[in-house]
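What follows is one structure encoded as C-alpha cells, with my remarks underneath.
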Amino acid sequence: MNVEYLYAGADVSGRELLLGRGSGRKLEGVIGRAVTALSITVAAFIAEPSGPQIRHAVGTDAVQLDVADILLERVWKARSDRIQPTDKARRRASAVLEGFREAGIEPDRVVADPDGGVAVYVFGRRELQPGTQARHARVLAANEGDLIALCVDYEHNTHDVWETDLVELGATVSKMQSFLAG
Amino acid sequence: MYRKLRVDWVHGDRVLVEAIDTEGTSCDRERHRDPKDLIEPGWPRVGWVVPRDLPRAVKPCDVSPEWEFFALDLPERHNEAHCEIRARRVGRQSVDNDPKIKKYDRVVRERLKSELASRFRVL
C-alpha cells in the first residue's frame, strides 16, 4: 500500500510555509516554497492510501494541487478560528487555477481567506525591492459564490477590484496578464 | 501599531488582504509593545503602520460612499497595548466599526481591505 505522508510547517525562521511529501516518515521532497528540509518544524499528515493525483502545477516547484489543497485545508483547520472555505469556494478556486494555467500562468499562492473563501495569487515579475513585487493579482472565490478580482500596484497605489464569474474568467485572466506585465 | 501576521499573509515587506479584518483589525500600540513579543508559533511575522498613514476618503466604487480608517485604543486586561483599526463612512463620528460595511458586497470590502493592507510594512 502506497501510504504517503504529507508535511506542512514553517522553517525555523518562520519565514516560509513549507509543503512537503514523502513516504514513511521521511521527508523526501519539498513541493511548496523551497526551504531546507532539515530546518522545518513539522506537522505530519497522512494522505489517502491511494496517494494524491496530479492535476495542477502551482508555484515555482511542481506542486500537486490535490496535495497542496489537502495540506492547506488541514493546516487551515488546525490553526484557524475564522470561517472555513466551503466546497463551492474550493471548486471555483480550482476552476480559477485551471483558468490561469490555460493562459500559461502558474499561480504563486493559494490561501484561505479569513472572511470565507479561497484566494489565488499571481505576483508580477518586476520588484520594488528584493522579494517584493510591484504588482500582484488575486482572484477570490468567496464562500458566497462570488468571484472577486483584484489587481494591486504598489508603485502607483492603485487597487482595481471587480466582480467576475467563470464565464468571464478568460477575460479576467487576460486582463491580469496584461496588468502584471506592465 | 503592530499586527502579528501569519506567514501566508505576507509577501516580501508587504501585507496581503488576508491580514485585514473588516470587523476591526487588532493591533498593539508601539509605545506599549516590543514587536518581538508578538512573534509566536503560527504568527512569525509582524506588520507595522502608523495612524497617520491609515487610508482616508476611500471610494471603493461609484455607488459606495467614502470610507476612512481610524485607530481606537482598546486596552484589555491582559494586553494594555491592544487597539483596533476600524472603518467608518466619512463624516460619521462614531468610534464603532461601521456596521454598514457588512451590508456592502465583497467588491467594496475587498477594496477597503486592500487599501488598508497596503499601508502596512512587514518588519
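Letters for chains follow the order of the C-alpha cells (A, B, ...), residue numbers begin at 1 for each chain, and ligand numbers begin at 1 in the order shown.
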
| said: Please check the contacts: residues of chain B at most 12 Å away from chain A, using only C-alpha atoms, listed as an NGL selection string. | reply: :B and (5-23 or 25 or 39-46 or 55 or 58-61 or 102 or 105-123)

Write out, as a compact mmCIF listing (two decimals), in the first residue's frame, the residues just selected, with N, CA and C atoms.
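Ended up saving to again-v7.txt:
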# COMPACT_ATOMS: atom_id res chain seq x y z
N LEU B 5 1.35 38.54 12.27
CA LEU B 5 0.93 38.06 10.96
C LEU B 5 1.27 36.59 10.76
N ARG B 6 0.39 35.92 10.07
CA ARG B 6 0.69 34.57 9.60
C ARG B 6 1.59 34.67 8.37
N VAL B 7 2.33 33.61 8.13
CA VAL B 7 3.32 33.66 7.05
C VAL B 7 2.67 33.84 5.69
N ASP B 8 1.48 33.30 5.51
CA ASP B 8 0.86 33.41 4.19
C ASP B 8 0.08 34.72 4.02
N TRP B 9 0.17 35.60 4.98
CA TRP B 9 -0.42 36.93 4.84
C TRP B 9 0.64 37.95 4.39
N VAL B 10 1.84 37.47 4.14
CA VAL B 10 2.97 38.36 3.88
C VAL B 10 3.57 38.06 2.52
N HIS B 11 3.95 39.12 1.80
CA HIS B 11 4.72 38.93 0.58
C HIS B 11 5.83 39.98 0.58
N GLY B 12 7.06 39.52 0.73
CA GLY B 12 8.17 40.46 0.84
C GLY B 12 7.96 41.33 2.07
N ASP B 13 8.02 42.65 1.86
CA ASP B 13 7.79 43.53 3.01
C ASP B 13 6.35 44.06 3.04
N ARG B 14 5.49 43.41 2.26
CA ARG B 14 4.11 43.87 2.16
C ARG B 14 3.14 42.89 2.84
N VAL B 15 1.99 43.46 3.22
CA VAL B 15 0.96 42.67 3.89
C VAL B 15 -0.20 42.47 2.92
N LEU B 16 -0.71 41.27 2.84
CA LEU B 16 -1.79 40.95 1.91
C LEU B 16 -3.15 41.12 2.60
N VAL B 17 -4.19 41.14 1.79
CA VAL B 17 -5.52 41.47 2.32
C VAL B 17 -6.03 40.48 3.35
N GLU B 18 -5.49 39.27 3.32
CA GLU B 18 -5.96 38.27 4.30
C GLU B 18 -5.70 38.73 5.74
N ALA B 19 -4.76 39.64 5.90
CA ALA B 19 -4.42 40.11 7.25
C ALA B 19 -5.43 41.11 7.81
N ILE B 20 -6.31 41.57 6.96
CA ILE B 20 -7.24 42.63 7.38
C ILE B 20 -8.60 42.04 7.76
N ASP B 21 -9.11 42.50 8.87
CA ASP B 21 -10.39 42.01 9.38
C ASP B 21 -11.40 43.15 9.27
N THR B 22 -12.43 42.94 8.47
CA THR B 22 -13.40 44.02 8.27
C THR B 22 -14.23 44.29 9.53
N GLU B 23 -14.13 43.42 10.50
CA GLU B 23 -14.83 43.67 11.77
C GLU B 23 -13.93 44.41 12.76
N THR B 25 -9.44 45.43 12.80
CA THR B 25 -8.13 44.77 12.70
C THR B 25 -7.33 45.03 13.97
N ILE B 39 5.75 37.73 18.24
CA ILE B 39 6.07 36.54 17.45
C ILE B 39 5.82 35.29 18.28
N GLU B 40 5.05 34.39 17.72
CA GLU B 40 4.74 33.14 18.39
C GLU B 40 4.47 32.09 17.32
N PRO B 41 4.43 30.82 17.68
CA PRO B 41 4.17 29.79 16.67
C PRO B 41 2.88 30.08 15.90
N GLY B 42 2.99 30.04 14.59
CA GLY B 42 1.84 30.33 13.74
C GLY B 42 1.71 31.80 13.40
N TRP B 43 2.43 32.63 14.13
CA TRP B 43 2.38 34.08 13.89
C TRP B 43 3.82 34.61 13.85
N PRO B 44 4.57 34.24 12.81
CA PRO B 44 6.01 34.53 12.83
C PRO B 44 6.40 35.93 12.36
N ARG B 45 5.48 36.70 11.82
CA ARG B 45 5.84 38.00 11.26
C ARG B 45 5.03 39.10 11.94
N VAL B 46 5.54 40.32 11.80
CA VAL B 46 4.87 41.47 12.41
C VAL B 46 4.78 42.59 11.37
N PRO B 55 -5.72 54.78 5.51
CA PRO B 55 -6.42 55.36 4.35
C PRO B 55 -7.57 56.28 4.74
N VAL B 58 -11.64 56.83 1.04
CA VAL B 58 -11.56 55.80 0.01
C VAL B 58 -12.97 55.59 -0.56
N LYS B 59 -13.08 55.69 -1.85
CA LYS B 59 -14.37 55.45 -2.51
C LYS B 59 -14.24 54.18 -3.34
N PRO B 60 -14.72 53.07 -2.81
CA PRO B 60 -14.45 51.78 -3.47
C PRO B 60 -15.10 51.65 -4.84
N CYS B 61 -16.26 52.27 -5.02
CA CYS B 61 -16.92 52.21 -6.33
C CYS B 61 -17.91 53.36 -6.41
N LYS B 102 -20.70 45.62 6.49
CA LYS B 102 -21.13 44.25 6.20
C LYS B 102 -22.24 44.21 5.15
N ASP B 105 -21.24 44.68 -0.72
CA ASP B 105 -20.79 43.41 -1.29
C ASP B 105 -19.28 43.26 -1.14
N ARG B 106 -18.79 42.11 -1.56
CA ARG B 106 -17.38 41.79 -1.34
C ARG B 106 -16.47 42.72 -2.14
N VAL B 107 -16.95 43.26 -3.26
CA VAL B 107 -16.10 44.16 -4.04
C VAL B 107 -15.69 45.36 -3.19
N VAL B 108 -16.66 45.94 -2.50
CA VAL B 108 -16.38 47.09 -1.65
C VAL B 108 -15.45 46.69 -0.50
N ARG B 109 -15.75 45.59 0.12
CA ARG B 109 -14.93 45.17 1.27
C ARG B 109 -13.50 44.81 0.86
N GLU B 110 -13.37 44.14 -0.28
CA GLU B 110 -12.02 43.77 -0.72
C GLU B 110 -11.20 45.00 -1.07
N ARG B 111 -11.85 45.99 -1.66
CA ARG B 111 -11.13 47.23 -1.99
C ARG B 111 -10.64 47.92 -0.72
N LEU B 112 -11.54 48.00 0.28
CA LEU B 112 -11.15 48.64 1.53
C LEU B 112 -10.02 47.87 2.21
N LYS B 113 -10.14 46.55 2.21
CA LYS B 113 -9.10 45.74 2.83
C LYS B 113 -7.75 45.92 2.12
N SER B 114 -7.81 45.98 0.80
CA SER B 114 -6.57 46.12 0.04
C SER B 114 -5.91 47.47 0.32
N GLU B 115 -6.73 48.52 0.41
CA GLU B 115 -6.18 49.84 0.72
C GLU B 115 -5.48 49.83 2.08
N LEU B 116 -6.14 49.24 3.06
CA LEU B 116 -5.54 49.21 4.40
C LEU B 116 -4.29 48.32 4.43
N ALA B 117 -4.39 47.15 3.81
CA ALA B 117 -3.23 46.24 3.83
C ALA B 117 -1.99 46.90 3.24
N SER B 118 -2.20 47.71 2.21
CA SER B 118 -1.05 48.29 1.51
C SER B 118 -0.31 49.33 2.36
N ARG B 119 -0.94 49.78 3.44
CA ARG B 119 -0.28 50.77 4.29
C ARG B 119 0.67 50.13 5.31
N PHE B 120 0.52 48.84 5.52
CA PHE B 120 1.41 48.15 6.46
C PHE B 120 2.75 47.86 5.80
N ARG B 121 3.77 47.76 6.60
CA ARG B 121 5.05 47.22 6.18
C ARG B 121 5.44 46.11 7.15
N VAL B 122 6.05 45.09 6.59
CA VAL B 122 6.49 43.97 7.44
C VAL B 122 7.84 44.29 8.04
N LEU B 123 7.96 44.11 9.32
CA LEU B 123 9.25 44.40 10.00
C LEU B 123 10.26 43.30 9.72

| task | Run DSSP on the backbone of this structure and report the residues of chain B it assigns to strand (DSSP E or B), as JSON, numbers by chain. | result | {"B": [2, 3, 4, 5, 10, 11, 14, 15, 25, 26, 27, 28, 40, 43, 45, 46, 47, 48, 58, 67, 68, 69, 70, 71, 72, 73, 76, 79, 82, 83, 84, 85, 86, 87, 88, 89, 121, 122]}

Convert the current residue selection to file output with C-alpha atoms, as a PDB file, in the first residue's frame.
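Now in selection-v5.pdb:
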ATOM      1  CA  TYR B   2       1.988  46.398  15.257  1.00  0.00           C
ATOM      2  CA  ARG B   3      -0.026  43.472  13.976  1.00  0.00           C
ATOM      3  CA  LYS B   4       1.131  39.889  14.255  1.00  0.00           C
ATOM      4  CA  LEU B   5       0.928  38.056  10.961  1.00  0.00           C
ATOM      5  CA  VAL B  10       2.972  38.358   3.882  1.00  0.00           C
ATOM      6  CA  HIS B  11       4.725  38.929   0.585  1.00  0.00           C
ATOM      7  CA  ARG B  14       4.106  43.866   2.164  1.00  0.00           C
ATOM      8  CA  VAL B  15       0.958  42.670   3.890  1.00  0.00           C
ATOM      9  CA  THR B  25      -8.129  44.769  12.696  1.00  0.00           C
ATOM     10  CA  SER B  26      -6.449  44.142  16.035  1.00  0.00           C
ATOM     11  CA  CYS B  27      -3.059  45.726  16.641  1.00  0.00           C
ATOM     12  CA  ASP B  28      -0.825  46.677  19.540  1.00  0.00           C
ATOM     13  CA  GLU B  40       4.744  33.135  18.391  1.00  0.00           C
ATOM     14  CA  TRP B  43       2.380  34.079  13.891  1.00  0.00           C
ATOM     15  CA  ARG B  45       5.842  37.998  11.264  1.00  0.00           C
ATOM     16  CA  VAL B  46       4.874  41.474  12.412  1.00  0.00           C
ATOM     17  CA  GLY B  47       3.366  44.271  10.344  1.00  0.00           C
ATOM     18  CA  TRP B  48       3.649  47.944  11.209  1.00  0.00           C
ATOM     19  CA  VAL B  58     -11.565  55.795   0.010  1.00  0.00           C
ATOM     20  CA  TRP B  67     -14.746  55.402   3.825  1.00  0.00           C
ATOM     21  CA  GLU B  68     -11.960  56.112   6.249  1.00  0.00           C
ATOM     22  CA  PHE B  69      -9.949  54.068   8.724  1.00  0.00           C
ATOM     23  CA  PHE B  70      -9.097  55.131  12.237  1.00  0.00           C
ATOM     24  CA  ALA B  71      -7.342  53.615  15.248  1.00  0.00           C
ATOM     25  CA  LEU B  72      -9.043  53.165  18.592  1.00  0.00           C
ATOM     26  CA  ASP B  73      -7.314  52.248  21.850  1.00  0.00           C
ATOM     27  CA  GLU B  76      -7.534  44.649  27.548  1.00  0.00           C
ATOM     28  CA  ASN B  79      -2.931  43.420  26.892  1.00  0.00           C
ATOM     29  CA  HIS B  82      -4.371  46.454  22.323  1.00  0.00           C
ATOM     30  CA  CYS B  83      -6.001  48.733  19.787  1.00  0.00           C
ATOM     31  CA  GLU B  84      -8.111  48.231  16.707  1.00  0.00           C
ATOM     32  CA  ILE B  85      -8.176  49.715  13.240  1.00  0.00           C
ATOM     33  CA  ARG B  86     -11.775  50.338  12.311  1.00  0.00           C
ATOM     34  CA  ALA B  87     -13.627  51.623   9.269  1.00  0.00           C
ATOM     35  CA  ARG B  88     -16.449  54.126   9.012  1.00  0.00           C
ATOM     36  CA  ARG B  89     -18.149  56.209   6.376  1.00  0.00           C
ATOM     37  CA  ARG B 121       5.053  47.222   6.176  1.00  0.00           C
ATOM     38  CA  VAL B 122       6.488  43.974   7.442  1.00  0.00           C
TER      39      VAL B 122
END

| said: What's around Phe179 (chain A) at 9 Å? Count only C-alpha atoms, leave out sequence neighbours fewer than 2 positions away in its own chain, and write the answer as JSON, numbers by chain. | reply: {"A": [124, 135, 136, 137, 151, 153, 174, 175, 176, 177, 181, 182]}

Prev. selection, C-alpha atoms, output as a compact mmCIF listing (two decimals), in the first residue's frame:
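Now in selection25.txt:
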# COMPACT_ATOMS: atom_id res chain seq x y z
CA GLY A 124 4.33 40.15 -11.22
CA ARG A 135 2.21 44.29 -8.75
CA HIS A 136 0.06 41.35 -7.93
CA ALA A 137 -3.27 39.94 -9.00
CA CYS A 151 -5.12 44.00 -9.14
CA ASP A 153 0.03 48.20 -8.00
CA SER A 174 -6.14 38.10 -19.76
CA LYS A 175 -6.60 41.48 -18.10
CA MET A 176 -4.48 40.35 -15.17
CA GLN A 177 -1.80 39.06 -17.50
CA ALA A 181 3.35 42.56 -17.49
CA GLY A 182 3.16 46.34 -17.09
